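Here is the structure we will look at, set down as structure tokens.
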Amino acid sequence: MTRTVAVGEPEAMVPAPLDVERLRRDFPILGRTVHGRPLVYLDNAATTQKPEPVIAAEADVYRRYNANVHRAIHTLGEEATFAYEEARRKVAALIGAPDPRGCVFVRNATEGLNLVAWAWGRRRLRPGDEVLLTPMEHHSNLVPWQLVAAETGARLRFVPLLPDGHLDVGALERDSLLNERTRIVAFTQASNVLGTLTPAAEICRRARAVGAVSVLDAAQGVPHLPVDVRALGCDFLAFSGHKLYAPLGIGVLWGRPELLEETEPFLGGGEMILRVDLTCSTWNEVPYKFEAGTPNVAGAVGLGAAVDYLRAVGLEAVAAHEADLTRYALERLGELPDVTIYGPPMPRGPLVTFNVGAIHPHDLAQFLDQEGVAVRAGHHCAQPLMRHLGVAATARASFALYNTRAEVDALCAAVRRAGAFFHG
Ligand code: C6P
């Protein structure tokens with residue numbers, strides 16, 4: 001995977017452009033400075049900043065109706081429960097889930113993926129069964145399967161990558177990667193390193209055809225693409241709220257209702273039980289069976305507010321704006337000397353992963369930070385992919401609805417100065 005430049009993609013229906021300057025005013029943090037310079041925040045794939053309505057919704061819980069949910073027989077408890085369940089309904093609508101009960105509140109995508117691996121996978125996998133993954137999975141969708149495979153004797157297999165960073169879907173048949181032993185196909189909807197968009201609906205359909213369950217890591221998908229679990233045809237889908245303008249510490253695992261019904265609990269404790277005896281218990285209904293303990297009520301309410309915000313701005317318009325920034329960044333960064341960009345051409349997720357000559361990405365990120373530009377540097381929790389690319393680490397700029405072309409220009413100017421500084 002070497003230098004890439006954006007190539008033309010078919011022009012789709014173009015939604016009205018975002019009024020980004022107005023939207024930016026919704027995000028108080030964007031007004032701050034870093035090292036005396038205006039903040040240029042380009043680490044959105046790690047976490048997004050939060051708009052005022054989300055901050056207000058979360059604070060409002062603590063100001064007006066903080067209480068435990070589902071237990072308290074008092075007004076505050078009822079209001080908190082209503083708001084928590086309302087947030088579940090909003091999340092369900094966002095991802096096209098026909099029934100909100102299919103949406104389990106978890107801490108983040110990592111917890112959702114672990115829930116599937118441990119509570120569904122470990123109980124069902126047998127020696128010789130196969131779990132199909134890809135080499136570009138985030139550690140959150142790799143390590144849980146390694147742990148479960150070690151316990152069950154299941155075998156991990158991987159769909160190879162093509163040189164441009166796309167999945168080699170042809171290998172599913174050619175190399176018999178999908179076969180009667182495949183029980184689980186777990187893969188990312190969008191790579192957090194390459195920006196690669198996977199043909200999720202096709203893979204889910206083919207997984208089902210061999211009787212396998214599909215698990216979609218949508219951590220980098222839901223914030224940027226209109227997602228519909230029915231159209232995708234997946235069995236499980238996990239994402240984090242904090243990459244979606246929502247508070248930290250709240251995420252969602254969606255599961256096909258019949259699968260959630262047959263999935264054993266992940267954590268035991270309060271709320272997830274129906275009846276408890278000294279030596280055994282029975283379980284509450286879905287989704288509460290998977291929500292042991294006091295949940296992050298304020299986080300969920302904040303997530304509901306983030307969903308409202310995103311839908312009001314317009315998912316299609318956000319996607320178009322982010323695609324424009326990505327295309328522009330690919331072009332502008334690609335013009336700079338010694339810059340290597342990883343990943344496929346457009347269309348791809350709204351991030352650009354790159355290296356500059358022999359500059360260590362950590363040094364580069366530190367230099368950029370001094371210029372007010374926040375990017376991520378490191379292995380991005382995708383060490384096998386780094387090895388596949390033949391690098392130890394990379395820098396990465398990732399975009400959200402509030403970023404601008406001027407910020408891409410600021411990034412490129414700072415990268416140019418870094419090149420001059422380090423290479424002399
Ligand atoms: N990627 C990044 O900077 P959590 O940490 O549970 O919210 O999300 C985990 C996760 C799962 N899958 C993908 C594709 C991801 O990108 C992430 C998080 C961040 O790329 C932090 S490493």
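By order in the structure tokens, chains are A, B, ...; within a chain, residues start at 1; ligands start at 1, following the order shown.
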
- Task: For ligand 1, list the contacting residues at 6 Å or closer, counting only C-alpha atoms and all ligand atoms, as a ChimeraX atom specification.
- Result: /A:45-46,108-110,138,140,188,191-192,217,219-220,240,380-381

- Can you list, as number ranges by chain, every residue of region 269-339 of chain A that DSSP puts in helix (DSSP H, G or I)? A: 288-290, 297-313, 315-334

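Residues within 10 Å of Leu368 (chain A), counting only C-alpha atoms and excluding same-chain residues fewer than 2 positions away, are Val40, His362, Asp363, Leu364, Ala365, Gln366, Gln370, Glu371, Gly372, Val373, Ala374, Val375, Ala410, Leu411, Cys412, Ala413, Ala414, Val415, Arg417 and Ala418 of chain A.
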
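Near Ala83 (chain A), within a cut-off of 10 Å and counting only C-alpha atoms, sit the residues Val61, Tyr65, Val69, Gly77, Arg89, Val297, Ala298, Ala300, Val301, Gly302 and Gly304 of chain A, with same-chain residues fewer than 6 positions away left out.
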
Taking only region 210-360 of chain A into account, list the residues labelled strand (DSSP E) by DSSP (computed from the backbone), as a tab-separated table (two decimals) with C-alpha atoms, in the first residue's frame.
```tsv
chain	number	residue	atom	x	y	z
A	213	VAL	CA	-23.43	-15.42	12.53
A	214	SER	CA	-22.15	-11.99	11.45
A	215	VAL	CA	-20.74	-9.47	13.91
A	216	LEU	CA	-20.18	-5.96	12.60
A	217	ASP	CA	-17.78	-3.59	14.32
A	236	PHE	CA	-24.81	-8.21	15.83
A	237	LEU	CA	-23.53	-4.63	15.50
A	238	ALA	CA	-21.49	-2.65	18.03
A	239	PHE	CA	-20.51	1.00	18.26
A	240	SER	CA	-19.36	3.62	20.78
A	251	GLY	CA	-22.08	2.44	23.62
A	252	VAL	CA	-24.52	0.08	21.98
A	253	LEU	CA	-24.63	-3.55	21.03
A	254	TRP	CA	-27.50	-4.29	18.70
A	255	GLY	CA	-28.45	-7.92	18.27
A	273	ILE	CA	-32.23	-11.22	36.88
A	274	LEU	CA	-35.86	-12.26	37.27
A	275	ARG	CA	-35.55	-14.53	40.30
A	276	VAL	CA	-32.50	-15.32	42.36
A	281	SER	CA	-31.15	-17.62	39.00
A	282	THR	CA	-33.36	-16.84	36.05
A	283	TRP	CA	-32.83	-13.94	33.71
A	339	VAL	CA	4.38	11.77	2.34
A	340	THR	CA	3.13	8.19	2.12
A	341	ILE	CA	-0.61	7.70	2.43
A	342	TYR	CA	-2.12	4.34	3.32
A	351	LEU	CA	-9.56	9.70	7.77
A	352	VAL	CA	-6.11	9.83	6.23
A	353	THR	CA	-3.29	7.74	7.66
A	354	PHE	CA	0.19	8.74	6.58
A	355	ASN	CA	3.89	8.88	7.27
A	356	VAL	CA	6.38	11.60	6.36
```

- Message: as a ChimeraX atom specification, please: the residues near Ala119 (chain A) (cut-off 12 Å, only C-alpha atoms, same-chain neighbours under 2 positions excluded).
- Response: /A:111-117,121-125,144-145,148,259-268,289-290

Restricted to N, CA, C and O atoms, what would the selected residues look like written as a compact mmCIF listing (two decimals), in the first residue's frame?
```txt
# COMPACT_ATOMS: atom_id res chain seq x y z
N GLU A 111 -16.81 -3.29 24.68
CA GLU A 111 -17.62 -4.13 25.56
C GLU A 111 -18.68 -4.88 24.76
O GLU A 111 -18.96 -6.05 25.03
N GLY A 112 -19.25 -4.23 23.76
CA GLY A 112 -20.26 -4.90 22.94
C GLY A 112 -19.67 -6.11 22.21
O GLY A 112 -20.28 -7.18 22.16
N LEU A 113 -18.48 -5.93 21.66
CA LEU A 113 -17.84 -7.03 20.92
C LEU A 113 -17.46 -8.16 21.88
O LEU A 113 -17.60 -9.35 21.56
N ASN A 114 -16.99 -7.80 23.06
CA ASN A 114 -16.66 -8.82 24.06
C ASN A 114 -17.90 -9.58 24.51
O ASN A 114 -17.85 -10.78 24.74
N LEU A 115 -19.01 -8.85 24.60
CA LEU A 115 -20.25 -9.51 24.99
C LEU A 115 -20.58 -10.63 24.01
O LEU A 115 -20.89 -11.76 24.39
N VAL A 116 -20.48 -10.31 22.72
CA VAL A 116 -20.80 -11.33 21.72
C VAL A 116 -19.80 -12.49 21.79
O VAL A 116 -20.17 -13.67 21.76
N ALA A 117 -18.51 -12.14 21.91
CA ALA A 117 -17.48 -13.18 21.90
C ALA A 117 -17.65 -14.12 23.10
O ALA A 117 -17.62 -15.35 22.95
N GLY A 121 -20.28 -16.47 21.60
CA GLY A 121 -19.26 -17.28 20.94
C GLY A 121 -18.73 -18.41 21.82
O GLY A 121 -18.71 -19.57 21.41
N ARG A 122 -18.32 -18.08 23.02
CA ARG A 122 -17.66 -19.11 23.85
C ARG A 122 -18.59 -20.27 24.14
O ARG A 122 -18.17 -21.41 24.26
N ARG A 123 -19.89 -19.98 24.24
CA ARG A 123 -20.84 -21.06 24.56
C ARG A 123 -21.08 -21.98 23.38
O ARG A 123 -21.53 -23.11 23.55
N ARG A 124 -20.83 -21.49 22.17
CA ARG A 124 -21.23 -22.27 21.00
C ARG A 124 -20.07 -22.85 20.20
O ARG A 124 -20.25 -23.83 19.49
N LEU A 125 -18.92 -22.20 20.29
CA LEU A 125 -17.80 -22.66 19.46
C LEU A 125 -17.27 -24.00 19.98
O LEU A 125 -17.19 -24.22 21.19
N PRO A 144 -10.62 -10.40 21.72
CA PRO A 144 -11.66 -11.24 22.33
C PRO A 144 -11.82 -12.58 21.61
O PRO A 144 -12.02 -13.61 22.24
N TRP A 145 -11.69 -12.57 20.29
CA TRP A 145 -11.83 -13.83 19.53
C TRP A 145 -10.62 -14.72 19.76
O TRP A 145 -10.75 -15.95 19.77
N VAL A 148 -11.32 -16.34 23.13
CA VAL A 148 -12.39 -17.33 23.04
C VAL A 148 -11.93 -18.54 22.22
O VAL A 148 -12.25 -19.69 22.55
N LEU A 259 -31.41 -13.94 18.46
CA LEU A 259 -30.06 -14.28 18.93
C LEU A 259 -29.83 -13.77 20.35
O LEU A 259 -29.23 -14.46 21.18
N LEU A 260 -30.30 -12.56 20.62
CA LEU A 260 -30.15 -12.04 21.99
C LEU A 260 -30.91 -12.93 22.96
O LEU A 260 -30.46 -13.17 24.08
N GLU A 261 -32.07 -13.42 22.54
CA GLU A 261 -32.86 -14.31 23.43
C GLU A 261 -32.04 -15.53 23.82
O GLU A 261 -32.04 -15.95 24.97
N GLU A 262 -31.34 -16.10 22.84
CA GLU A 262 -30.63 -17.35 23.15
C GLU A 262 -29.22 -17.11 23.69
O GLU A 262 -28.53 -18.05 24.05
N THR A 263 -28.79 -15.84 23.77
CA THR A 263 -27.47 -15.53 24.31
C THR A 263 -27.53 -15.53 25.84
O THR A 263 -28.45 -14.96 26.43
N GLU A 264 -26.57 -16.19 26.46
CA GLU A 264 -26.51 -16.20 27.93
C GLU A 264 -26.04 -14.83 28.43
O GLU A 264 -25.41 -14.08 27.69
N PRO A 265 -26.31 -14.50 29.69
CA PRO A 265 -25.82 -13.23 30.22
C PRO A 265 -24.30 -13.16 30.15
O PRO A 265 -23.62 -14.19 30.15
N PHE A 266 -23.80 -11.93 30.12
CA PHE A 266 -22.36 -11.69 30.08
C PHE A 266 -21.87 -11.40 31.50
O PHE A 266 -20.97 -12.06 32.02
N LEU A 267 -22.51 -10.44 32.15
CA LEU A 267 -22.19 -10.09 33.54
C LEU A 267 -23.41 -10.39 34.41
O LEU A 267 -24.54 -10.16 33.98
N GLY A 268 -23.14 -10.86 35.62
CA GLY A 268 -24.24 -11.11 36.55
C GLY A 268 -24.34 -9.99 37.56
O GLY A 268 -23.36 -9.32 37.87
N LYS A 289 -31.30 -8.26 30.46
CA LYS A 289 -30.47 -9.44 30.77
C LYS A 289 -28.98 -9.11 30.61
O LYS A 289 -28.13 -9.74 31.24
N PHE A 290 -28.69 -8.12 29.76
CA PHE A 290 -27.28 -7.79 29.48
C PHE A 290 -26.86 -6.45 30.12
O PHE A 290 -25.78 -5.95 29.82
```

Considering only C-alpha atoms, return as a short mmCIF file (atom, residue, chain, number, x, y, z; two decimals) with C-alpha atoms, in the first residue's frame whatever protein or nucleic-acid residues lie within 12 Å of region 168-177 of chain A, sequence-local ones (same chain, fewer than 6 positions apart) excluded.
```
data_model
loop_
_atom_site.label_atom_id
_atom_site.label_comp_id
_atom_site.auth_asym_id
_atom_site.auth_seq_id
_atom_site.Cartn_x
_atom_site.Cartn_y
_atom_site.Cartn_z
CA ASP A 129 -15.13 -24.42 14.28
CA GLU A 130 -13.91 -21.34 12.44
CA VAL A 131 -14.15 -17.65 13.21
CA LEU A 132 -13.51 -15.47 10.18
CA LEU A 133 -11.93 -12.05 10.76
CA THR A 134 -9.84 -9.58 8.76
CA PRO A 135 -6.26 -8.40 9.27
CA ARG A 155 -9.66 -21.64 14.62
CA LEU A 156 -9.24 -18.01 13.55
CA ARG A 157 -9.06 -17.33 9.83
CA PHE A 158 -8.60 -14.05 7.98
CA VAL A 159 -9.91 -12.55 4.76
CA PRO A 160 -6.78 -11.20 3.05
CA LEU A 161 -6.31 -7.60 1.99
CA LEU A 162 -5.73 -6.52 -1.58
CA ARG A 183 -19.59 -20.18 12.80
CA ILE A 184 -18.83 -16.48 13.16
CA VAL A 185 -17.77 -13.76 10.72
CA THR A 196 -11.43 0.99 3.95
CA THR A 198 -16.03 -3.21 3.69
CA PRO A 199 -18.89 -4.66 1.61
CA ALA A 200 -20.73 -5.39 4.83
CA GLU A 202 -22.56 -8.79 0.98
CA ILE A 203 -20.37 -10.42 3.63
CA CYS A 204 -23.29 -10.72 6.07
CA ARG A 206 -22.72 -14.79 2.49
CA ALA A 207 -22.08 -15.56 6.16
CA VAL A 210 -23.25 -20.93 5.33
CA ALA A 212 -22.57 -18.34 10.29
#
```

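The smallest atom-to-atom distance between Arg405 (chain A) and any of A:His242, A:Arg71, A:Arg332, A:His360, using only C-alpha atoms, is found for A:Arg332.
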
- Query: Could you name the residues that touch Asn44 (chain A) at 9 Å or less, counting only C-alpha atoms, but leaving out those on the same chain fewer than 2 positions away, as a PyMOL selection string?
  - Reply: chain A and resi 41-42+46-49+243+351+375+397-400

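Closest approach to Asp99 (chain A) among A:Glu258, A:Asp26, A:Asp19, A:Glu335 is made by A:Glu258 (distances from only C-alpha atoms).
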
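Take CA of Leu197 (chain A) and CA of Ala377 (chain A): the distance between them is 21.3 Å.
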
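Restricting the calculation to only C-alpha atoms, the smallest distance between Pro345 (chain A) and any of A:Ala72, A:Leu389, A:Leu194, A:Ala317 is found for A:Leu194.
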
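Between CA of Pro127 (chain A) and CA of Val143 (chain A) the interatomic distance comes to 18.1 Å.
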